[in-house]
Amino acid sequence: MEEVQPRAARRSDRTGHTVPGDLAASPFRADRDRISASAFFARLGGVTQVVSPSGSGLLLHNRLTHSLKVAQVARAIAERLLADPVTRAELDELGGCDLDVVEAAGLGHDLGHPPFGHLGESVLDRLARERFALPDGFEGNAQTYRVVTRIDVRGVEGKGLDLTAAVRSALLKYPWTRNSPVPRQAAELPRGASEPVGAPGTGAAKFSAYSTELDDLLDARLPFEKVVPDWQQTVEASIMDTADDIAYAIHDLEDFHRVGILQFTSVHHELQEWLGHSVEFAAEEHVTAGDSRPGASLELLRRRLHAKDGWIADDEAFNDAVKKVRTELAVDLLEVPFDRSQQAEQAVARFSADWTRRLVEGIRVDRAVQPRSGHVALAPEQWHEVQVLKFVHRHFVLQRPDLALHQRGQDRLISNLVEALDEWLIDEVEVAPHRLRDLFGLAREEFDELPREMLPEGADLTTLARGRAVIDFIASLTDDQAAALLEALSGRTTQLWNDTFVL
Ligand SMILES: Cc1cn([C@H]2C[C@H](O)[C@@H](COP(=O)(O)OP(=O)(O)OP(=O)(O)O)O2)c(=O)[nH]c1=O
């Protein structure tokens, strides 16, 4: 009898064979191809990374160019680790590491990201819970898992991409469902498992599968049962997760330097003031979020790292990281404004290449079980640098009032779209878009099959299914499609067909 390869097992075929339609002979390579050939993958070119690609053209990353970078970085990390025989043996003992698996996970990790990025995610979550009483709400990572296991279609059975267990597990950054007890089995709550600040009592802030995909999650993790605890990422998921952090920590800064938003003076002042007064800052009993003194926000970050990540936070490493970011980001890159010259492009390319190499070279394998990290993670020095880079982006870009204004509009857009599609399913389901009806049928079947104890008491299954279908439908649109669809549904356009949405 043929040997069964648990990591390569598909739900349709436990032996991990590739099937007609796959060009690649290796099952993991075939998975990588299945993801990159998916329409859900192509769609990411029209989805916000930080701001909408429709407004920013080619200047900024979108979720597609981001995903390509994550795949590239993830593969480079794995290549480096596997080149060392000792590390390779450690990775084998921890469940295995394959180049195609980590690349596939990098390409696929954002397939479920809704229009308008993080803003879309939080609005859909709120509406899913409040309007439709869906206890699972919405979460981008869980939606990714739903896309690859249920919604995307490939082959005659037409449910999901039918990926191998290793690739599905590598997509599970948070290997639990929203209300699962699994994260509480760890000595302290893993990253992402605490409740969201704005929605207490709703379960974990981050999770990688809805209850409807729990059976699939458990199946994917079977080959790793004896090597990593249930709440911990597989090493391949940790590589994808770290590559995600590295990629956006760097490219988000590049992007906003290019568009002239990240300014030398303000960034340098914040970093320099903290460096000049770090001892005085540390001696203060309280520093509050509203403190407008230059350096105070960075001091808050230092305190937050100690409070949340005491296992790694270190003042000397933090100080060194601030100095390095001041020199290499503020002075070497931002001091000369981006003017689209070849020299300016070269400076951006050098910044990106140097930092990517430095961070990739800072990846270590750690056998210790650490709830807030994976077995593959950044060394302390580079971990602090990533925290400071992300701080600069959060403080000088994400907290800008013009971004907030834009997001209020997007919040309204998505809310109105949810309402309009829900009403359509109630009023005239027979002429609603085919795909919306299919999603409604799929969700209805799933809720019918789910054990009653996994559903809220007295739940109306039709409302739950309508909610899940509307959310799935919206989460599979690009930013422009969402806007165009609402225009049409609100009677604000006379155009019957245009290329921004296809029903
Ligand atoms: C928190 C936040 C992030 N972003 C951007 C910055 C990054 O480019 C990107 C990071 O988001 P994600 O790639 O979704 O990453 P994450 O690692 O923070 O979360 P998860 O583990 O759920 O995947 O989104 C915003 O634009 N607005 C926000 O409010």
# chains A, B, ... in the order shown; residues from 1 in each chain; ligands from 1
>>> residues_around(residues="Leu214 (chain A)", least_positions_apart="2", cutoff="12 Å", atoms="only C-alpha atoms", output="list in words")
Asp136, Ala142, Tyr145, Arg146, Thr149, Arg150, Leu172, Pro175, Trp176, Thr177, Arg178, Asn179, Ser180, Phe207, Ser208, Ala209, Tyr210, Ser211, Thr212, Asp216, Leu217, Leu218, Asp219, Ala220, Arg221, Glu446, Leu450, Pro451 and Met454 of chain A
>>> write_last_selection(atoms="C-alpha atoms", output="mmCIF file, in the first residue's frame")
data_model
loop_
_atom_site.group_PDB
_atom_site.id
_atom_site.type_symbol
_atom_site.label_atom_id
_atom_site.label_comp_id
_atom_site.auth_asym_id
_atom_site.auth_seq_id
_atom_site.Cartn_x
_atom_site.Cartn_y
_atom_site.Cartn_z
ATOM 1 C CA ASP A 136 -18.047 34.647 14.821
ATOM 2 C CA ALA A 142 -10.617 33.573 9.291
ATOM 3 C CA TYR A 145 -9.272 30.302 5.632
ATOM 4 C CA ARG A 146 -12.907 30.302 4.531
ATOM 5 C CA THR A 149 -11.566 25.865 2.213
ATOM 6 C CA ARG A 150 -15.126 26.796 1.175
ATOM 7 C CA LEU A 172 -3.285 29.630 10.477
ATOM 8 C CA PRO A 175 -4.944 28.477 15.132
ATOM 9 C CA TRP A 176 -8.217 28.775 17.026
ATOM 10 C CA THR A 177 -11.792 29.980 16.510
ATOM 11 C CA ARG A 178 -13.215 33.126 18.131
ATOM 12 C CA ASN A 179 -14.645 31.499 21.258
ATOM 13 C CA SER A 180 -12.381 28.476 21.439
ATOM 14 C CA PHE A 207 -8.581 33.984 15.076
ATOM 15 C CA SER A 208 -7.909 32.039 11.913
ATOM 16 C CA ALA A 209 -11.165 30.133 11.421
ATOM 17 C CA TYR A 210 -14.904 30.569 11.931
ATOM 18 C CA SER A 211 -16.886 27.790 13.665
ATOM 19 C CA THR A 212 -18.053 26.648 10.217
ATOM 20 C CA ASP A 216 -11.137 21.783 8.529
ATOM 21 C CA LEU A 217 -8.775 23.510 10.956
ATOM 22 C CA LEU A 218 -8.617 20.377 13.128
ATOM 23 C CA ASP A 219 -7.988 18.229 10.051
ATOM 24 C CA ALA A 220 -5.181 20.540 8.847
ATOM 25 C CA ARG A 221 -3.438 20.428 12.213
ATOM 26 C CA GLU A 446 -23.403 25.025 6.924
ATOM 27 C CA LEU A 450 -23.513 22.887 12.700
ATOM 28 C CA PRO A 451 -24.321 21.400 16.161
ATOM 29 C CA MET A 454 -22.305 26.115 18.507
#
>>> residues_near_ligand(ligand="ligand 1", cutoff="10 Å", atoms="only C-alpha atoms and all ligand atoms", output="PyMOL selection string")
chain A and resi 48-52+61-63+66-67+70+109-110+113+116-122+139-142+172-174+191-192+205-208+241-253+390+393-394+397-399+403-404+407
>>> residues_around(residues="Asn319 (chain A)", least_positions_apart="5", cutoff="9 Å", atoms="only C-alpha atoms", output="PyMOL selection string")
chain A and resi 275+278+314+324+384
>>> select_by_dssp(residues="region 189-419 of chain A", states="helix (DSSP H, G or I)", output="PyMOL selection string")
chain A and resi 211-224+235-258+264-283+296-308+315-334+342-361+380-398+401-419
>>> atom_distance(atom1="CA of Val123 (chain A)", atom2="CA of Ala71 (chain A)")
27.9 Å
>>> atom_distance(atom1="CA of Leu461 (chain A)", atom2="CA of Asp411 (chain A)")
26.6 Å
>>> atom_distance(atom1="CA of Ala483 (chain A)", atom2="CA of Leu413 (chain A)")
7.1 Å
>>> residues_around(residues="Gly108 (chain A)", least_positions_apart="5", cutoff="8 Å", atoms="only C-alpha atoms", output="MDAnalysis selection string")
chainID A and resid 35:36 41 67 144 171
>>> residues_around(residues="region 488-490 of chain A", least_positions_apart="4", cutoff="8 Å", atoms="only C-alpha atoms", output="ChimeraX atom specification")
/A:420,484,494
